[in-house]
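Here is the file query.txt (compact mmCIF, C-alpha atoms and all ligand atoms).
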```txt
# COMPACT_ATOMS: atom_id res chain seq x y z
CA MET V 1 121.75 99.77 123.77
CA ASP V 2 118.21 99.06 124.85
CA LEU V 3 115.74 100.67 122.46
CA ALA V 4 113.30 101.23 125.34
CA ASP V 5 115.69 103.81 126.85
CA ILE V 6 115.57 106.16 123.88
CA ALA V 7 112.95 108.88 124.23
CA ASN V 8 113.50 110.85 121.04
CA PRO V 9 111.64 109.19 118.14
CA ARG V 10 114.22 110.09 115.47
CA ALA V 11 117.06 108.86 117.65
CA LEU V 12 115.08 105.68 118.20
CA ALA V 13 114.68 105.15 114.45
CA ARG V 14 118.43 105.74 113.98
CA ALA V 15 119.16 103.17 116.69
CA VAL V 16 116.97 100.60 114.91
CA HIS V 17 118.88 101.29 111.70
CA ARG V 18 122.19 100.87 113.49
CA GLN V 19 121.01 97.47 114.74
CA ILE V 20 119.93 96.22 111.31
CA GLY V 21 122.87 97.67 109.38
CA PRO V 22 122.96 99.55 106.07
CA LEU V 23 120.05 99.04 103.68
CA SER V 24 119.27 100.44 100.28
CA GLY V 25 115.94 100.83 98.53
CA PRO V 26 112.58 100.46 100.28
CA ILE V 27 112.94 99.64 103.98
CA ALA V 28 111.43 96.25 104.88
CA VAL V 29 109.27 97.74 107.62
CA LYS V 30 107.14 94.67 108.23
CA GLU V 31 110.16 92.41 108.67
CA ILE V 32 111.72 94.95 111.04
CA ALA V 33 108.54 94.97 113.14
CA LEU V 34 108.51 91.17 113.25
CA ALA V 35 112.13 91.21 114.42
CA LEU V 36 111.26 93.59 117.29
CA ASP V 37 108.71 91.49 119.24
CA ILE V 38 105.73 92.18 117.00
CA GLU V 39 104.14 88.76 116.49
CA GLU V 40 101.80 89.59 113.68
CA VAL V 41 101.28 92.36 111.13
CA ARG V 42 97.88 92.27 109.46
CA GLU V 43 97.27 94.35 106.36
CA GLU V 44 93.60 94.55 105.58
CA GLU V 45 90.77 96.89 104.62
CA MET V 46 89.52 98.69 107.71
CA ASP V 47 86.85 101.33 108.28
CA GLY V 48 87.29 104.37 110.48
CA CYS V 49 90.79 103.44 111.58
CA GLU V 50 94.16 103.57 109.85
CA GLY V 51 96.18 101.50 112.24
CA MET V 52 95.92 99.50 115.42
CA LEU V 53 98.34 98.24 118.02
CA LEU V 54 97.48 95.53 120.52
CA THR V 55 100.00 95.15 123.32
CA ASP V 56 100.53 95.32 127.07
CA ARG V 57 101.87 98.19 129.11
CA ARG V 58 105.34 96.67 129.34
CA ARG V 59 105.41 95.81 125.65
CA THR V 60 106.38 92.18 126.03
CA ARG V 61 104.89 91.56 122.60
CA GLY V 62 102.44 93.16 120.20
CA LYS V 63 100.22 92.82 117.17
CA ILE V 64 99.75 95.43 114.48
CA ALA V 65 96.95 95.88 111.96
CA VAL V 66 96.99 98.53 109.24
CA ASN V 67 94.46 99.71 106.70
CA THR V 68 95.18 98.97 103.03
CA ARG V 69 92.40 101.12 101.60
CA ARG V 70 94.74 104.03 100.93
CA GLY V 71 97.36 101.92 99.22
CA ARG V 72 100.57 100.08 99.98
CA GLN V 73 102.66 103.13 100.86
CA ALA V 74 100.15 104.39 103.42
CA ALA V 75 100.04 100.89 104.93
CA ARG V 76 103.84 100.82 105.15
CA PHE V 77 103.77 104.16 106.94
CA GLY V 78 101.07 102.81 109.25
CA ILE V 79 103.25 99.85 110.25
CA GLY V 80 106.09 102.24 111.10
CA HIS V 81 103.70 104.44 113.09
CA GLU V 82 102.31 101.54 115.16
CA LEU V 83 105.80 100.15 115.70
CA GLY V 84 106.72 103.58 117.07
CA HIS V 85 103.89 103.37 119.63
CA PHE V 86 105.05 99.89 120.52
CA LEU V 87 108.68 100.87 121.09
CA MET V 88 107.87 104.05 123.00
CA GLU V 89 106.61 102.47 126.18
CA ARG V 90 105.35 105.69 127.72
CA HIS V 91 102.74 106.00 124.96
CA GLU V 92 99.39 105.40 126.58
CA LEU V 93 97.20 102.57 125.35
CA GLY V 94 93.42 102.56 125.24
CA LEU V 95 91.06 100.08 126.80
CA HIS V 96 92.32 96.45 126.86
CA GLY V 97 95.75 97.48 125.60
CA VAL V 98 94.45 98.54 122.20
CA LEU V 99 95.59 101.73 120.52
CA ARG V 100 93.62 102.85 117.48
CA CYS V 101 95.00 105.53 115.17
CA SER V 102 93.00 107.64 112.75
CA LEU V 103 94.07 109.24 109.51
CA ASP V 104 94.27 112.52 111.38
CA ASP V 105 96.65 110.92 113.90
CA MET V 106 98.95 109.82 111.09
CA ARG V 107 99.20 113.41 109.88
CA GLN V 108 99.99 115.15 113.17
CA ALA V 109 103.20 117.09 112.70
CA ARG V 110 103.26 119.17 115.88
CA SER V 111 101.06 119.54 118.91
CA LEU V 112 101.15 120.26 122.61
CA ARG V 113 98.23 118.07 123.61
CA LYS V 114 99.28 114.77 125.09
CA HIS V 115 97.31 112.41 122.87
CA ARG V 116 98.39 114.38 119.84
CA GLN V 117 101.98 114.53 121.03
CA GLN V 118 102.29 110.77 121.03
CA GLU V 119 100.88 110.68 117.50
CA VAL V 120 103.47 113.25 116.42
CA GLU V 121 106.19 111.06 117.92
CA ALA V 122 104.88 107.90 116.23
CA ASN V 123 104.95 109.78 112.90
CA GLU V 124 108.48 111.03 113.49
CA PHE V 125 109.59 107.51 114.25
CA ALA V 126 107.84 106.13 111.14
CA ILE V 127 109.47 108.65 108.87
CA GLY V 128 112.88 108.15 110.47
CA LEU V 129 112.52 104.41 109.95
CA LEU V 130 111.22 104.52 106.36
CA ALA V 131 113.51 107.34 105.23
CA PRO V 132 116.89 106.92 106.96
CA ASP V 133 119.33 109.83 106.97
CA HIS V 134 121.69 108.42 104.33
CA ALA V 135 118.81 108.10 101.84
CA LEU V 136 117.91 111.77 102.28
CA GLU V 137 121.37 113.16 101.64
CA PRO V 138 121.04 113.77 97.87
CA MET V 139 117.72 115.58 98.32
CA LEU V 140 118.85 117.68 101.28
CA GLY V 141 122.11 118.65 99.58
CA ALA V 142 120.47 120.15 96.50
CA ASP V 143 118.10 123.05 95.84
CA PRO V 144 114.61 122.10 97.03
CA GLU V 145 112.18 120.93 94.35
CA ILE V 146 109.15 118.67 94.13
CA GLU V 147 110.92 116.36 91.67
CA ALA V 148 113.43 115.45 94.40
CA ALA V 149 110.60 114.45 96.73
CA MET V 150 109.04 112.40 93.90
CA GLU V 151 112.35 110.62 93.31
CA LEU V 152 112.75 109.89 97.03
CA ALA V 153 109.19 108.54 97.18
CA ARG V 154 109.94 106.19 94.26
CA SER V 155 113.24 104.95 95.62
CA LEU V 156 111.95 104.28 99.15
CA ASP V 157 108.38 103.23 98.31
CA LEU V 158 107.01 106.14 100.35
CA SER V 159 104.00 108.28 99.64
CA LEU V 160 104.74 111.65 98.06
CA GLU V 161 103.19 113.12 101.19
CA ALA V 162 105.78 111.47 103.43
CA SER V 163 108.73 112.29 101.19
CA THR V 164 107.63 115.93 100.90
CA ARG V 165 107.47 116.07 104.68
CA CYS V 166 111.10 114.94 104.81
CA LEU V 167 112.05 117.66 102.35
CA VAL V 168 110.21 120.45 104.18
CA GLU V 169 111.20 119.47 107.70
CA ARG V 170 114.82 118.50 107.11
CA HIS V 171 116.12 120.85 104.39
CA ASP V 172 118.23 123.83 105.54
CA GLU V 173 116.22 126.26 103.42
CA PRO V 174 112.94 127.73 104.76
CA LEU V 175 110.27 125.57 103.10
CA ALA V 176 106.57 124.87 103.39
CA ALA V 177 104.15 122.57 101.58
CA ILE V 178 100.43 122.85 100.98
CA TRP V 179 98.16 119.97 99.94
CA ALA V 180 94.87 120.87 98.30
CA LYS V 181 92.00 119.19 96.51
CA ASP V 182 89.97 121.03 93.87
CA GLY V 183 91.56 124.30 94.96
CA MET V 184 90.68 123.92 98.67
CA ILE V 185 93.52 123.60 101.16
CA ARG V 186 93.58 120.25 103.00
CA TYR V 187 96.63 120.86 105.10
CA VAL V 188 99.81 122.83 105.43
CA ILE V 189 103.21 121.99 106.88
CA ARG V 190 106.03 124.43 107.56
CA GLY V 191 109.70 123.71 108.07
CA PRO V 192 111.34 125.03 111.23
CA SER V 193 112.47 128.35 109.71
CA PHE V 194 109.56 129.14 107.39
CA PRO V 195 107.48 132.18 108.48
CA TRP V 196 103.80 131.68 109.14
CA ILE V 197 101.31 130.93 106.37
CA THR V 198 98.21 133.05 106.22
CA TRP V 199 95.96 130.24 105.04
CA SER V 200 94.87 126.98 106.56
CA ARG V 201 92.63 123.95 106.09
CA GLY V 202 89.38 124.76 104.31
CA ASP V 203 90.64 128.01 102.71
CA ARG V 204 90.82 128.41 98.96
CA ILE V 205 94.24 128.47 97.30
CA PRO V 206 95.10 132.19 97.39
CA PRO V 207 94.46 134.24 94.25
CA LEU V 208 98.00 135.65 93.87
CA SER V 209 99.63 132.22 93.95
CA LEU V 210 101.22 130.31 91.10
CA THR V 211 99.13 127.30 92.14
CA ARG V 212 95.91 129.21 91.48
CA ARG V 213 97.14 130.23 88.02
CA HIS V 214 98.02 126.64 87.14
CA LEU V 215 94.71 125.31 88.47
CA ALA V 216 92.90 127.91 86.35
CA ILE V 217 94.44 126.59 83.14
CA CYS V 218 93.68 123.00 84.20
CA GLY V 219 97.29 121.94 83.73
CA THR V 220 98.62 118.72 85.18
CA GLY V 221 102.22 117.84 85.97
CA VAL V 222 104.95 119.77 87.74
CA SER V 223 105.52 123.48 87.17
CA ARG V 224 108.88 125.25 87.30
CA MET V 225 109.91 126.91 90.56
CA ALA V 226 109.04 130.59 90.05
CA GLU V 227 109.06 133.77 92.08
CA VAL V 228 105.72 134.96 93.45
CA ALA V 229 104.61 137.88 95.60
CA PRO V 230 105.31 136.90 99.23
CA ALA V 231 101.90 138.35 100.15
CA ALA V 232 100.30 135.51 98.18
CA TRP V 233 101.07 133.12 101.03
CA THR V 234 102.83 134.78 103.93
CA LYS V 235 104.09 138.10 105.23
CA PRO V 236 104.55 140.68 102.51
CA ASP V 237 107.95 141.95 103.68
CA LEU V 238 109.89 138.76 102.91
CA PRO V 239 112.71 139.49 100.46
CA GLU V 240 111.67 136.68 98.10
CA LEU V 241 109.28 133.77 97.83
CA PHE V 242 109.42 130.98 95.25
CA GLU V 243 106.64 128.54 94.46
CA GLN V 244 106.35 125.27 92.59
CA VAL V 245 103.24 123.15 92.13
CA ARG V 246 102.44 119.60 91.11
CA ILE V 247 98.91 119.07 89.90
CA GLY V 248 97.53 115.55 89.61
CA ARG V 249 94.71 114.40 87.36
CA ASP V 250 92.40 113.80 90.29
CA GLY V 251 92.23 117.44 91.46
CA HIS V 252 94.95 117.00 94.08
CA SER V 253 97.72 119.57 94.16
CA LEU V 254 100.95 119.86 96.09
CA THR V 255 102.56 123.29 96.42
CA LEU V 256 106.13 123.82 97.59
CA LEU V 257 107.15 127.25 98.94
CA TRP V 258 110.75 128.38 99.34
CA ALA V 259 111.36 131.63 101.22
CA THR V 260 114.35 133.91 101.42
CA LEU V 261 114.52 135.40 104.89
CA PRO V 262 115.78 138.93 105.66
CA GLU V 263 119.58 139.09 106.12
CA ASP V 264 119.46 139.94 109.82
CA SER V 265 116.60 137.62 110.78
CA ASP V 266 118.64 134.67 112.13
CA GLY V 267 115.38 133.00 112.94
CA GLU V 268 114.08 135.96 114.98
CA GLU V 269 110.85 137.73 114.22
ZN ZN W 1 98.98 106.53 116.45
```
Write the structure described by the file as structure tokens, please.
Amino acid sequence: MDLADIANPRALARAVHRQIGPLSGPIAVKEIALALDIEEVREEEMDGCEGMLLTDRRRTRGKIAVNTRRGRQAARFGIGHELGHFLMERHELGLHGVLRCSLDDMRQARSLRKHRQQEVEANEFAIGLLAPDHALEPMLGADPEIEAAMELARSLDLSLEASTRCLVERHDEPLAAIWAKDGMIRYVIRGPSFPWITWSRGDRIPPLSLTRRHLAICGTGVSRMAEVAPAAWTKPDLPELFEQVRIGRDGHSLTLLWATLPEDSDGEE
């Protein structure tokens, strides 16, 4: 099958995996790019840009550059993201066939705007490439917990951010994750069946949350998953809401939310 015919980014990543055969451990993303008509992958310190693709409209060949300032795992994700733009030929290039991607682009999880939509697709491809389905099975088959995302991140050489995204977006249970720094929310992602979250970027971690209690005692490490008042984060009439938090030494926190939906909801409001 010709990869250029596949429109869905996850299906495209699966097709690449079918072509290269079963792999275990960290996916050799750079070697995969070089095998798919990318001539050069440069990893270097860059300012104001996380990744760059240089190619032509018909994608005869391409060059990728990624920023290394945020570490090896972010650079690996960046290579996957740029390779996604390269393989999805309908993605529009900028002037002179150059596509530049910002940190914000690499975090787009859903959007209706066209530029944003192609960033969402590049991210979906990157995650599908770096975290193939078979590697996710143990995590998706068990109760959700931050430790499982940490283990996945270690085994696949992914950032915790990327592995948590896999957990939240792919697990059958209604999940959400919130990243914060010094108690201020940086961003929020919700799985497909999680109800809305009252808070967003720039808000303080809500006072009724477990995360706030743990931040107040300056603890670091991973808490237990514990029940909290649903009103702390979302609509108050949810039957149950559970929360777990991982607090790093640098003021960064990651909160995982696990909701129980009403019996008759079936995804309806
Ligand atoms: Zn991009």
Margin query: Set the distance at 7 Å and use only C-alpha atoms: which residues neighbour V:Thr255 once local chain neighbours fewer than 2 positions away are removed? I'd like the list as a ChimeraX atom specification.
Written below: /V:177-179,211,243-246,253,257
Considering only C-alpha atoms, return as an mmCIF file with C-alpha atoms, in the coordinates of the input whatever protein or nucleic-acid residues lie within 10 Å of stretch 85-88 of chain V, sequence-local ones (same chain, fewer than 6 positions apart) excluded.
```cif
data_model
loop_
_atom_site.group_PDB
_atom_site.id
_atom_site.type_symbol
_atom_site.label_atom_id
_atom_site.label_comp_id
_atom_site.auth_asym_id
_atom_site.auth_seq_id
_atom_site.Cartn_x
_atom_site.Cartn_y
_atom_site.Cartn_z
ATOM 1 C CA LEU V 3 115.740 100.670 122.460
ATOM 2 C CA ALA V 4 113.300 101.230 125.340
ATOM 3 C CA ASP V 5 115.690 103.810 126.850
ATOM 4 C CA ILE V 6 115.570 106.160 123.880
ATOM 5 C CA ALA V 7 112.950 108.880 124.230
ATOM 6 C CA ASN V 8 113.500 110.850 121.040
ATOM 7 C CA PRO V 9 111.640 109.190 118.140
ATOM 8 C CA LEU V 12 115.080 105.680 118.200
ATOM 9 C CA ALA V 13 114.680 105.150 114.450
ATOM 10 C CA ALA V 33 108.540 94.970 113.140
ATOM 11 C CA LEU V 36 111.260 93.590 117.290
ATOM 12 C CA ASP V 37 108.710 91.490 119.240
ATOM 13 C CA ILE V 38 105.730 92.180 117.000
ATOM 14 C CA MET V 52 95.920 99.500 115.420
ATOM 15 C CA LEU V 53 98.340 98.240 118.020
ATOM 16 C CA LEU V 54 97.480 95.530 120.520
ATOM 17 C CA THR V 55 100.000 95.150 123.320
ATOM 18 C CA ASP V 56 100.530 95.320 127.070
ATOM 19 C CA ARG V 57 101.870 98.190 129.110
ATOM 20 C CA ARG V 58 105.340 96.670 129.340
ATOM 21 C CA ARG V 59 105.410 95.810 125.650
ATOM 22 C CA THR V 60 106.380 92.180 126.030
ATOM 23 C CA ARG V 61 104.890 91.560 122.600
ATOM 24 C CA GLY V 62 102.440 93.160 120.200
ATOM 25 C CA LYS V 63 100.220 92.820 117.170
ATOM 26 C CA ILE V 64 99.750 95.430 114.480
ATOM 27 C CA LEU V 99 95.590 101.730 120.520
ATOM 28 C CA GLN V 118 102.290 110.770 121.030
ATOM 29 C CA GLU V 119 100.880 110.680 117.500
ATOM 30 C CA GLU V 121 106.190 111.060 117.920
ATOM 31 C CA ALA V 122 104.880 107.900 116.230
ATOM 32 C CA ASN V 123 104.950 109.780 112.900
ATOM 33 C CA PHE V 125 109.590 107.510 114.250
ATOM 34 C CA ALA V 126 107.840 106.130 111.140
#
```
Item checked: 10 Å contact set for V:Glu173, all atoms listed in the file, chain neighbours under 3 positions out, as a PyMOL selection string -> chain V and resi 140+143-144+167-170+176+191-194+258-261
Note to self: Let me make sure I understand: among V:Gly202, V:Gly48, V:Gly21, V:Gly78, which one has the smallest atom-to-atom distance to ligand ZN 1 (chain W) if we use only C-alpha atoms and all ligand atoms?
What the structure shows: V:Gly78
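The space between atom CA of V:Arg107 and atom CA of V:Gly94 spans 19.7 Å.
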